[in-house]
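Below is one structure, written out as structure tokens, with a few remarks after it.
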Amino acid sequence: MSEILAILMFCVTFLLIFSGYPVAFVLSGSALLFFCIGTIGDFFPFSIIEFMPNRIYSIMSNNLLLAIPYFIFMGNILRKTKLAEDLLLSMGKLFGNTRGGVGVAVIIVGTLLAASTSIVAASVVTMGLISLPVMLDQGYSKQYSTGIIIAAGTLGQMIPPSIVLIALSDQLNVSVGDLFQSALIPGLILAGGYIIYTLALGKIRPEHLPQLPKNDYRSSSSSKLIDLVLTSIFPPLALIVIVLGSIFLGVATPTEAGALGAIGAIGIASMKKTVNIYTIYEASKETIKTVAMVMFLLIGSTFFVLIFRGFNGDQLFMNFLTSLPGGQVGFILVVSIVIFILGFFIDFFEIIFIVVPLIEPSALALNIDLVWLGIIICLNIQTSFLTPPFGFSLFFLRSVAPSEVRTVDIFKGVIPFIIIQLATLIVVYFFPQIIK
């Protein structure tokens with residue numbers, strides 16, 4: 001009977017999630033409901049609830065999770081003070097005279113924003129507001145323009161210091177530094193693939209990626225370009241290198257590096273005189289909202305997993321995954337499909353906090369490298385964010401795109417980048433040594 005209740009609890013929870021009700025409350029409510037059913041029916045001991053305070057305390061005392069608000073705050077400061085906007089416009093001037101140069105600039109800035117904000121919605125919306133009108137004005141095709149903005153903006157899930165990787169490291173119980181180092185190469189492969197596609201499209205279909213005219217306002221003298229590099233491009237780039245370098249070299253923990261990044265972002269904005277008390281207040285308010293959502297979600301998922309395990313649901317889940325035909329191959333295929341589909345409907349935090357704790361024991365039983373599994377999961381989530389008709393990033397851009405850009409243009413525009421994404425996923429699967 002316990003196993004039947006475990007299956008019923010799992011199904012009811014996901015049906016409620018798809019109804020659109022806040023996931024954190026769905027998890028908590030479902031867990032509470034089935035806890036009452038299990039206790040009344042004597043299917044598991046009431047004493048299991050005694051473990052919940054210890055679980056909440058372990059969340060509160062987890063130093064790794066402190067890195068999340070620091071990196072979110074750093075990204076909000078860069079966005080609120082328009083440092084991200086200056087970076088994008090400066091890169092556009094730097095590459096403006098190259099065919100497809102604005103597209104290359106969007107990719108590079110998307111990579112830098114990914115490494116600094118780690119917030120996909122913020123990256124896609126920011127680049128959509130700033131670069132999409134410029135690209136359309138210069139004659140870039142609607143499909144390419146929307147596709148490259150979405151693809152570059154979604155890099156925030158893979159490029160360190162991604163908050164997706166921080167949450168994954170916590171749930172998989174692996175070093176966040178190892179995940180950061182392992183994710184860097186696939187992230188750069190994706191960015192490189194986008195650039196190669198852009199340059200190739202500029203050669204094959206030049207009418208889709210026109211060269212900016214010489215008298216365009218983005219064309220600048222050498223001295224002005226040097227000034228742009230020193231004032232708008234170098235500072236945020238140096239901040240990213242310092243933050244990541246301190247983690248990779250072991251000089252600072254992710255939490256310490258996040259604090260350094262937050263202070264550094266304020267310092268850069270102060271030098272450019274774009275920050276004030278109100279800006280910091282607004283960035284802090286948005287950070288608190290995001291972190292509160294994450295913590296409620298984490299506590300709800302912890303309660304859900306505790307009750308689910310009380311019904312022996314974790315053992316049932318592990319037996320199913322480890323008995324799949326193909327062993328590791330079957331496990332990775334099923335997990336990838338499930339996460340890919342879930343990525344259409346629920347946020348990455350929800351996927352990580354709900355699914356990962358359930359699949360980790362099975363992965364260990366099959367001797368799967370958890371760091372490698374984390375990269376596979378991250379790539380799957382990122383791909384689902386790009387894929388029509390439900391990908392989150394598609395709707396992020398749709399919300400700020402001008403009326404002349406049709407939804408079908410956005411859907412068609414991301415297809416080449418989905419292919420690049422899948423190719424990278426296949427490479428990581430068959431050549432895991434590239435992330436070592």
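If you're wondering about the labels, chains in the structure tokens are A, B, ... by order shown, residues count from 1 in each chain, ligands from 1 in order shown.
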Nearby residues (only C-alpha atoms) at most 10 Å from Phe392 in chain A, same-chain spacing under 6 positions excluded, as a PyMOL selection string: chain A and resi 120-121+150+154+343-347+382+384-386+398
Store the residues picked out above in a file with N, CA and C atoms, as an mmCIF file, in the first residue's frame.
```cif
data_model
loop_
_atom_site.group_PDB
_atom_site.id
_atom_site.type_symbol
_atom_site.label_atom_id
_atom_site.label_comp_id
_atom_site.auth_asym_id
_atom_site.auth_seq_id
_atom_site.Cartn_x
_atom_site.Cartn_y
_atom_site.Cartn_z
ATOM 1 N N VAL A 120 18.467 33.880 -16.620
ATOM 2 C CA VAL A 120 18.099 33.773 -18.030
ATOM 3 C C VAL A 120 17.085 34.840 -18.418
ATOM 4 N N ALA A 121 16.043 35.013 -17.613
ATOM 5 C CA ALA A 121 15.007 35.993 -17.951
ATOM 6 C C ALA A 121 15.601 37.386 -18.093
ATOM 7 N N ILE A 150 17.768 34.776 -27.999
ATOM 8 C CA ILE A 150 17.292 33.743 -27.075
ATOM 9 C C ILE A 150 18.414 32.767 -26.730
ATOM 10 N N THR A 154 20.190 32.419 -22.999
ATOM 11 C CA THR A 154 19.992 31.191 -22.235
ATOM 12 C C THR A 154 21.319 30.562 -21.814
ATOM 13 N N GLY A 343 11.102 20.803 -18.410
ATOM 14 C CA GLY A 343 11.617 22.135 -18.663
ATOM 15 C C GLY A 343 10.663 23.022 -19.432
ATOM 16 N N PHE A 344 9.659 22.424 -20.090
ATOM 17 C CA PHE A 344 8.633 23.208 -20.780
ATOM 18 C C PHE A 344 7.660 23.863 -19.795
ATOM 19 N N PHE A 345 7.500 23.238 -18.637
ATOM 20 C CA PHE A 345 6.395 23.615 -17.765
ATOM 21 C C PHE A 345 6.817 24.202 -16.425
ATOM 22 N N ILE A 346 7.974 23.816 -15.908
ATOM 23 C CA ILE A 346 8.382 24.311 -14.601
ATOM 24 C C ILE A 346 9.806 24.844 -14.665
ATOM 25 N N ASP A 347 10.142 25.715 -13.737
ATOM 26 C CA ASP A 347 11.422 26.404 -13.725
ATOM 27 C C ASP A 347 12.553 25.439 -13.356
ATOM 28 N N GLN A 382 18.619 23.621 -20.403
ATOM 29 C CA GLN A 382 18.867 24.756 -21.289
ATOM 30 C C GLN A 382 18.223 24.534 -22.650
ATOM 31 N N SER A 384 15.576 22.685 -23.330
ATOM 32 C CA SER A 384 14.117 22.788 -23.216
ATOM 33 C C SER A 384 13.668 24.242 -23.146
ATOM 34 N N PHE A 385 14.519 25.118 -22.580
ATOM 35 C CA PHE A 385 14.187 26.540 -22.520
ATOM 36 C C PHE A 385 14.138 27.165 -23.916
ATOM 37 N N LEU A 386 14.846 26.550 -24.876
ATOM 38 C CA LEU A 386 14.898 27.089 -26.235
ATOM 39 C C LEU A 386 13.827 26.512 -27.157
ATOM 40 N N ARG A 398 9.278 37.136 -26.377
ATOM 41 C CA ARG A 398 7.987 37.532 -26.937
ATOM 42 C C ARG A 398 7.389 38.710 -26.160
#
```
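CA of Arg309 in chain A is found 15.8 Å from CA of Asn54 in chain A.
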Can you list, as a PDB file with all heavy atoms, in the first residue's frame, every protein, DNA or RNA residue that comes within 8 Å of range 29-43 of chain A when you count only C-alpha atoms, leaving out same-chain residues fewer than 6 positions away?
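So the final result, stored in around17.pdb, reads:
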```
ATOM      1  N   MET A   1       0.823  -1.211   0.000  1.00  0.00           N
ATOM      2  CA  MET A   1       0.000   0.000   0.000  1.00  0.00           C
ATOM      3  C   MET A   1       0.859   1.265   0.000  1.00  0.00           C
ATOM      4  O   MET A   1       0.499   2.274  -0.611  1.00  0.00           O
ATOM      5  CB  MET A   1      -0.917  -0.001   1.232  1.00  0.00           C
ATOM      6  CG  MET A   1      -1.912   1.145   1.235  1.00  0.00           C
ATOM      7  SD  MET A   1      -3.071   1.043  -0.140  1.00  0.00           S
ATOM      8  CE  MET A   1      -4.049   2.508   0.089  1.00  0.00           C
ATOM      9  N   SER A   2       2.001   1.204   0.681  1.00  0.00           N
ATOM     10  CA  SER A   2       2.885   2.373   0.734  1.00  0.00           C
ATOM     11  C   SER A   2       3.355   2.774  -0.649  1.00  0.00           C
ATOM     12  O   SER A   2       3.404   3.960  -0.985  1.00  0.00           O
ATOM     13  CB  SER A   2       4.090   2.085   1.639  1.00  0.00           C
ATOM     14  OG  SER A   2       3.678   1.904   2.969  1.00  0.00           O
ATOM     15  N   LEU A   5       0.640   4.547  -2.572  1.00  0.00           N
ATOM     16  CA  LEU A   5       0.508   5.928  -2.122  1.00  0.00           C
ATOM     17  C   LEU A   5       1.660   6.790  -2.636  1.00  0.00           C
ATOM     18  O   LEU A   5       1.470   7.975  -2.939  1.00  0.00           O
ATOM     19  CB  LEU A   5       0.450   5.976  -0.602  1.00  0.00           C
ATOM     20  CG  LEU A   5      -0.881   5.541   0.036  1.00  0.00           C
ATOM     21  CD1 LEU A   5      -0.762   5.500   1.548  1.00  0.00           C
ATOM     22  CD2 LEU A   5      -2.014   6.484  -0.381  1.00  0.00           C
ATOM     23  N   MET A   9       1.037   9.980  -4.785  1.00  0.00           N
ATOM     24  CA  MET A   9       1.571  11.270  -4.333  1.00  0.00           C
ATOM     25  C   MET A   9       2.354  11.947  -5.450  1.00  0.00           C
ATOM     26  O   MET A   9       2.214  13.154  -5.689  1.00  0.00           O
ATOM     27  CB  MET A   9       2.478  11.037  -3.118  1.00  0.00           C
ATOM     28  CG  MET A   9       3.140  12.287  -2.569  1.00  0.00           C
ATOM     29  SD  MET A   9       4.208  11.887  -1.161  1.00  0.00           S
ATOM     30  CE  MET A   9       4.882  13.514  -0.809  1.00  0.00           C
ATOM     31  N   VAL A  12      -0.212  13.112  -8.239  1.00  0.00           N
ATOM     32  CA  VAL A  12      -1.031  14.244  -7.792  1.00  0.00           C
ATOM     33  C   VAL A  12      -0.199  15.528  -7.769  1.00  0.00           C
ATOM     34  O   VAL A  12      -0.662  16.596  -8.198  1.00  0.00           O
ATOM     35  CB  VAL A  12      -1.629  13.958  -6.394  1.00  0.00           C
ATOM     36  CG1 VAL A  12      -2.207  15.222  -5.784  1.00  0.00           C
ATOM     37  CG2 VAL A  12      -2.703  12.880  -6.496  1.00  0.00           C
ATOM     38  N   THR A  13       1.039  15.408  -7.288  1.00  0.00           N
ATOM     39  CA  THR A  13       1.908  16.582  -7.196  1.00  0.00           C
ATOM     40  C   THR A  13       2.160  17.195  -8.567  1.00  0.00           C
ATOM     41  O   THR A  13       2.038  18.410  -8.755  1.00  0.00           O
ATOM     42  CB  THR A  13       3.247  16.216  -6.537  1.00  0.00           C
ATOM     43  OG1 THR A  13       2.998  15.698  -5.230  1.00  0.00           O
ATOM     44  CG2 THR A  13       4.159  17.429  -6.428  1.00  0.00           C
ATOM     45  N   PHE A 303      10.444  18.770   2.250  1.00  0.00           N
ATOM     46  CA  PHE A 303       9.300  18.142   2.909  1.00  0.00           C
ATOM     47  C   PHE A 303       8.696  17.066   2.011  1.00  0.00           C
ATOM     48  O   PHE A 303       8.362  15.955   2.471  1.00  0.00           O
ATOM     49  CB  PHE A 303       8.268  19.222   3.252  1.00  0.00           C
ATOM     50  CG  PHE A 303       7.124  18.748   4.106  1.00  0.00           C
ATOM     51  CD1 PHE A 303       7.263  17.656   4.955  1.00  0.00           C
ATOM     52  CD2 PHE A 303       5.904  19.408   4.069  1.00  0.00           C
ATOM     53  CE1 PHE A 303       6.208  17.232   5.753  1.00  0.00           C
ATOM     54  CE2 PHE A 303       4.840  18.992   4.857  1.00  0.00           C
ATOM     55  CZ  PHE A 303       4.996  17.899   5.698  1.00  0.00           C
ATOM     56  N   PHE A 304       8.577  17.376   0.723  1.00  0.00           N
ATOM     57  CA  PHE A 304       8.017  16.409  -0.236  1.00  0.00           C
ATOM     58  C   PHE A 304       8.869  15.145  -0.293  1.00  0.00           C
ATOM     59  O   PHE A 304       8.347  14.021  -0.219  1.00  0.00           O
ATOM     60  CB  PHE A 304       7.928  17.053  -1.622  1.00  0.00           C
ATOM     61  CG  PHE A 304       7.537  16.102  -2.717  1.00  0.00           C
ATOM     62  CD1 PHE A 304       6.207  15.807  -2.957  1.00  0.00           C
ATOM     63  CD2 PHE A 304       8.503  15.502  -3.514  1.00  0.00           C
ATOM     64  CE1 PHE A 304       5.843  14.916  -3.963  1.00  0.00           C
ATOM     65  CE2 PHE A 304       8.154  14.618  -4.525  1.00  0.00           C
ATOM     66  CZ  PHE A 304       6.819  14.328  -4.747  1.00  0.00           C
ATOM     67  N   ILE A 307       8.550  12.907   2.929  1.00  0.00           N
ATOM     68  CA  ILE A 307       7.319  12.104   2.980  1.00  0.00           C
ATOM     69  C   ILE A 307       7.328  11.046   1.883  1.00  0.00           C
ATOM     70  O   ILE A 307       6.896   9.899   2.103  1.00  0.00           O
ATOM     71  CB  ILE A 307       6.073  13.006   2.848  1.00  0.00           C
ATOM     72  CG1 ILE A 307       6.075  14.082   3.937  1.00  0.00           C
ATOM     73  CG2 ILE A 307       4.800  12.170   2.917  1.00  0.00           C
ATOM     74  CD1 ILE A 307       6.161  13.536   5.350  1.00  0.00           C
ATOM     75  N   PHE A 308       7.838  11.396   0.713  1.00  0.00           N
ATOM     76  CA  PHE A 308       7.913  10.432  -0.398  1.00  0.00           C
ATOM     77  C   PHE A 308       8.780   9.236  -0.016  1.00  0.00           C
ATOM     78  O   PHE A 308       8.446   8.086  -0.320  1.00  0.00           O
ATOM     79  CB  PHE A 308       8.489  11.145  -1.632  1.00  0.00           C
ATOM     80  CG  PHE A 308       8.418  10.339  -2.905  1.00  0.00           C
ATOM     81  CD1 PHE A 308       7.203  10.085  -3.519  1.00  0.00           C
ATOM     82  CD2 PHE A 308       9.572   9.853  -3.495  1.00  0.00           C
ATOM     83  CE1 PHE A 308       7.137   9.355  -4.706  1.00  0.00           C
ATOM     84  CE2 PHE A 308       9.515   9.121  -4.667  1.00  0.00           C
ATOM     85  CZ  PHE A 308       8.296   8.871  -5.277  1.00  0.00           C
ATOM     86  N   PHE A 311       7.129   6.698   2.272  1.00  0.00           N
ATOM     87  CA  PHE A 311       6.330   5.695   1.575  1.00  0.00           C
ATOM     88  C   PHE A 311       7.199   4.726   0.767  1.00  0.00           C
ATOM     89  O   PHE A 311       6.670   3.964  -0.052  1.00  0.00           O
ATOM     90  CB  PHE A 311       5.332   6.370   0.623  1.00  0.00           C
ATOM     91  CG  PHE A 311       4.186   7.064   1.296  1.00  0.00           C
ATOM     92  CD1 PHE A 311       4.012   8.427   1.160  1.00  0.00           C
ATOM     93  CD2 PHE A 311       3.276   6.351   2.064  1.00  0.00           C
ATOM     94  CE1 PHE A 311       2.945   9.077   1.769  1.00  0.00           C
ATOM     95  CE2 PHE A 311       2.212   6.993   2.675  1.00  0.00           C
ATOM     96  CZ  PHE A 311       2.046   8.356   2.533  1.00  0.00           C
TER      97      PHE A 311
END
```
As a short mmCIF file (atom, residue, chain, number, x, y, z; two decimals) with N, CA, C and O atoms, in the first residue's frame, please: the residues near Pro69 in chain A (cut-off 12 Å, only C-alpha atoms, same-chain neighbours under 6 positions excluded).
```
data_model
loop_
_atom_site.label_atom_id
_atom_site.label_comp_id
_atom_site.auth_asym_id
_atom_site.auth_seq_id
_atom_site.Cartn_x
_atom_site.Cartn_y
_atom_site.Cartn_z
N ASN A 63 26.35 26.76 3.76
CA ASN A 63 27.11 27.93 3.28
C ASN A 63 27.10 28.06 1.76
O ASN A 63 27.20 29.16 1.22
N GLY A 75 24.16 40.29 -10.57
CA GLY A 75 23.49 40.43 -11.86
C GLY A 75 22.49 41.56 -11.87
O GLY A 75 22.38 42.30 -12.86
N ASN A 76 21.74 41.72 -10.79
CA ASN A 76 20.75 42.80 -10.72
C ASN A 76 21.42 44.17 -10.74
O ASN A 76 20.92 45.12 -11.36
N THR A 117 25.32 37.51 -14.60
CA THR A 117 23.98 37.58 -14.02
C THR A 117 23.42 36.21 -13.67
O THR A 117 22.75 36.06 -12.65
N SER A 118 23.67 35.20 -14.52
CA SER A 118 23.16 33.84 -14.32
C SER A 118 21.63 33.79 -14.30
O SER A 118 21.05 32.79 -13.92
N ILE A 119 20.97 34.87 -14.70
CA ILE A 119 19.51 34.91 -14.69
C ILE A 119 19.04 34.98 -16.14
O ILE A 119 19.21 36.00 -16.81
N SER A 162 26.95 29.98 -12.81
CA SER A 162 25.51 29.79 -12.95
C SER A 162 24.88 29.35 -11.63
O SER A 162 25.38 28.44 -10.97
N ILE A 163 23.75 29.99 -11.27
CA ILE A 163 23.06 29.56 -10.06
C ILE A 163 22.42 28.19 -10.26
O ILE A 163 22.12 27.50 -9.28
N ILE A 166 25.10 25.94 -9.07
CA ILE A 166 25.20 25.99 -7.60
C ILE A 166 24.12 25.12 -6.97
O ILE A 166 24.38 24.33 -6.06
N ALA A 167 22.88 25.24 -7.46
CA ALA A 167 21.79 24.42 -6.94
C ALA A 167 22.03 22.94 -7.24
O ALA A 167 21.76 22.08 -6.38
N PRO A 254 32.87 29.64 -3.44
CA PRO A 254 31.85 30.30 -4.27
C PRO A 254 31.11 31.42 -3.55
O PRO A 254 30.78 32.44 -4.15
N THR A 255 30.86 31.23 -2.26
CA THR A 255 30.18 32.27 -1.49
C THR A 255 31.04 33.53 -1.40
O THR A 255 30.56 34.66 -1.61
N GLU A 256 32.32 33.34 -1.09
CA GLU A 256 33.23 34.48 -1.00
C GLU A 256 33.39 35.16 -2.35
O GLU A 256 33.43 36.39 -2.45
N ALA A 257 33.48 34.35 -3.41
CA ALA A 257 33.60 34.92 -4.76
C ALA A 257 32.34 35.68 -5.15
O ALA A 257 32.40 36.72 -5.81
N GLY A 258 31.17 35.16 -4.73
CA GLY A 258 29.92 35.87 -5.01
C GLY A 258 29.87 37.22 -4.31
O GLY A 258 29.43 38.21 -4.89
N ALA A 259 30.33 37.25 -3.05
CA ALA A 259 30.38 38.52 -2.32
C ALA A 259 31.34 39.50 -3.00
O ALA A 259 31.05 40.69 -3.12
N GLY A 261 32.07 39.51 -6.17
CA GLY A 261 31.42 39.97 -7.39
C GLY A 261 30.38 41.04 -7.14
O GLY A 261 30.26 42.00 -7.90
N ALA A 262 29.62 40.89 -6.05
CA ALA A 262 28.60 41.88 -5.71
C ALA A 262 29.24 43.24 -5.40
O ALA A 262 28.80 44.28 -5.88
N ALA A 283 17.77 46.69 -6.60
CA ALA A 283 18.48 45.44 -6.84
C ALA A 283 18.35 44.50 -5.65
O ALA A 283 18.16 43.28 -5.82
N SER A 284 18.42 45.06 -4.45
CA SER A 284 18.28 44.24 -3.23
C SER A 284 16.87 43.66 -3.13
O SER A 284 16.69 42.50 -2.76
N LYS A 285 15.87 44.47 -3.46
CA LYS A 285 14.47 44.01 -3.39
C LYS A 285 14.23 42.85 -4.35
O LYS A 285 13.60 41.84 -3.97
N GLU A 286 14.73 42.97 -5.59
CA GLU A 286 14.55 41.89 -6.55
C GLU A 286 15.31 40.64 -6.12
O GLU A 286 14.85 39.51 -6.33
N THR A 287 16.49 40.84 -5.54
CA THR A 287 17.27 39.70 -5.06
C THR A 287 16.53 38.97 -3.95
O THR A 287 16.47 37.73 -3.94
N ILE A 288 15.96 39.72 -3.01
CA ILE A 288 15.22 39.11 -1.90
C ILE A 288 14.02 38.33 -2.41
O ILE A 288 13.74 37.22 -1.93
N LYS A 289 13.32 38.88 -3.39
CA LYS A 289 12.16 38.17 -3.96
C LYS A 289 12.60 36.82 -4.56
O LYS A 289 11.97 35.79 -4.33
N THR A 290 13.68 36.85 -5.35
CA THR A 290 14.15 35.62 -5.99
C THR A 290 14.63 34.61 -4.96
O THR A 290 14.30 33.42 -5.03
N VAL A 291 15.42 35.07 -3.99
CA VAL A 291 15.96 34.17 -2.97
C VAL A 291 14.85 33.60 -2.10
O VAL A 291 14.88 32.41 -1.74
N ALA A 292 13.83 34.42 -1.77
CA ALA A 292 12.70 33.91 -0.98
C ALA A 292 11.98 32.80 -1.72
O ALA A 292 11.60 31.77 -1.13
N MET A 293 11.80 32.98 -3.04
CA MET A 293 11.17 31.94 -3.84
C MET A 293 12.00 30.66 -3.81
O MET A 293 11.46 29.55 -3.64
N VAL A 294 13.31 30.81 -3.94
CA VAL A 294 14.19 29.63 -3.94
C VAL A 294 14.12 28.91 -2.59
O VAL A 294 14.03 27.67 -2.54
N MET A 295 14.13 29.65 -1.50
CA MET A 295 14.13 29.02 -0.18
C MET A 295 12.81 28.34 0.12
O MET A 295 12.78 27.22 0.67
#
```
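Closest to Thr231 in chain A among A:Leu168, A:Val335, A:Met91, A:Ile107 is A:Met91, based on only C-alpha atoms.
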Counting only C-alpha atoms, what is within 10 Å of Asn276 in chain A, bar same-chain residues fewer than 4 positions away, as a PyMOL selection string? chain A and resi 81+266+269-270+280-281
Can I get the selection written as a JSON list (two decimals), in the first residue's frame, with all heavy atoms?
```json
[["chain", "number", "residue", "atom", "x", "y", "z"],
["A", 81, "THR", "N", 22.09, 49.22, -13.24],
["A", 81, "THR", "CA", 22.98, 50.36, -13.47],
["A", 81, "THR", "C", 23.34, 50.53, -14.94],
["A", 81, "THR", "O", 24.18, 51.36, -15.28],
["A", 81, "THR", "CB", 24.27, 50.20, -12.65],
["A", 81, "THR", "OG1", 24.91, 48.97, -13.01],
["A", 81, "THR", "CG2", 23.99, 50.20, -11.16],
["A", 266, "ILE", "N", 29.14, 46.87, -7.71],
["A", 266, "ILE", "CA", 28.83, 48.20, -7.16],
["A", 266, "ILE", "C", 29.99, 49.15, -7.42],
["A", 266, "ILE", "O", 29.80, 50.33, -7.76],
["A", 266, "ILE", "CB", 28.54, 48.10, -5.65],
["A", 266, "ILE", "CG1", 27.26, 47.29, -5.42],
["A", 266, "ILE", "CG2", 28.40, 49.49, -5.03],
["A", 266, "ILE", "CD1", 26.93, 47.07, -3.95],
["A", 269, "ALA", "N", 30.00, 50.25, -11.08],
["A", 269, "ALA", "CA", 28.90, 51.19, -11.30],
["A", 269, "ALA", "C", 29.20, 52.55, -10.66],
["A", 269, "ALA", "O", 28.83, 53.59, -11.20],
["A", 269, "ALA", "CB", 27.61, 50.61, -10.73],
["A", 270, "SER", "N", 29.87, 52.53, -9.51],
["A", 270, "SER", "CA", 30.23, 53.79, -8.84],
["A", 270, "SER", "C", 31.23, 54.58, -9.67],
["A", 270, "SER", "O", 31.12, 55.81, -9.79],
["A", 270, "SER", "CB", 30.82, 53.50, -7.46],
["A", 270, "SER", "OG", 29.87, 52.85, -6.64],
["A", 280, "ILE", "N", 20.54, 50.47, -5.58],
["A", 280, "ILE", "CA", 20.91, 49.36, -4.69],
["A", 280, "ILE", "C", 19.68, 48.80, -4.00],
["A", 280, "ILE", "O", 19.53, 47.57, -3.84],
["A", 280, "ILE", "CB", 21.95, 49.83, -3.66],
["A", 280, "ILE", "CG1", 23.26, 50.22, -4.37],
["A", 280, "ILE", "CG2", 22.22, 48.76, -2.61],
["A", 280, "ILE", "CD1", 24.31, 50.79, -3.46],
["A", 281, "TYR", "N", 18.76, 49.69, -3.61],
["A", 281, "TYR", "CA", 17.52, 49.24, -2.97],
["A", 281, "TYR", "C", 16.70, 48.36, -3.93],
["A", 281, "TYR", "O", 16.20, 47.29, -3.54],
["A", 281, "TYR", "CB", 16.70, 50.45, -2.54],
["A", 281, "TYR", "CG", 15.27, 50.12, -2.15],
["A", 281, "TYR", "CD1", 14.99, 49.52, -0.92],
["A", 281, "TYR", "CD2", 14.21, 50.40, -3.02],
["A", 281, "TYR", "CE1", 13.68, 49.21, -0.56],
["A", 281, "TYR", "CE2", 12.90, 50.09, -2.67],
["A", 281, "TYR", "CZ", 12.64, 49.50, -1.44],
["A", 281, "TYR", "OH", 11.36, 49.18, -1.11]]
```
note - CA of Gly250 in chain A and CA of Phe430 in chain A are separated by 29.4 Å
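With only C-alpha atoms as the atoms that count, the minimum distance from Pro186 in chain A to the choices A:Ser131, A:Ser246, A:Thr424, A:Asn319 is reached by A:Thr424.
Residues in contact with Phe51 in chain A at 12 Å, where only C-alpha atoms are counted and same-chain residues fewer than 5 positions away are skipped, are listed as Pro45, Phe46, Ile56, Tyr57, Ser58, Thr302, Phe303, Val305, Leu306, Ile307, Arg309 and Gly310 of chain A.
Between CA of Gly300 in chain A and CA of Ala24 in chain A there is a distance of 5.2 Å.
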Using only C-alpha atoms for the distances, tell me which of A:Ala151, A:Leu201, A:Ile339, A:Ala265 is nearest to Leu397 in chain A. A:Ala151
Name all residues at most 8 Å from Ile415 in chain A (count only C-alpha atoms; drop same-chain ones fewer than 3 positions away) and give them as a ChimeraX atom specification. /A:147,387,411-412,418-419
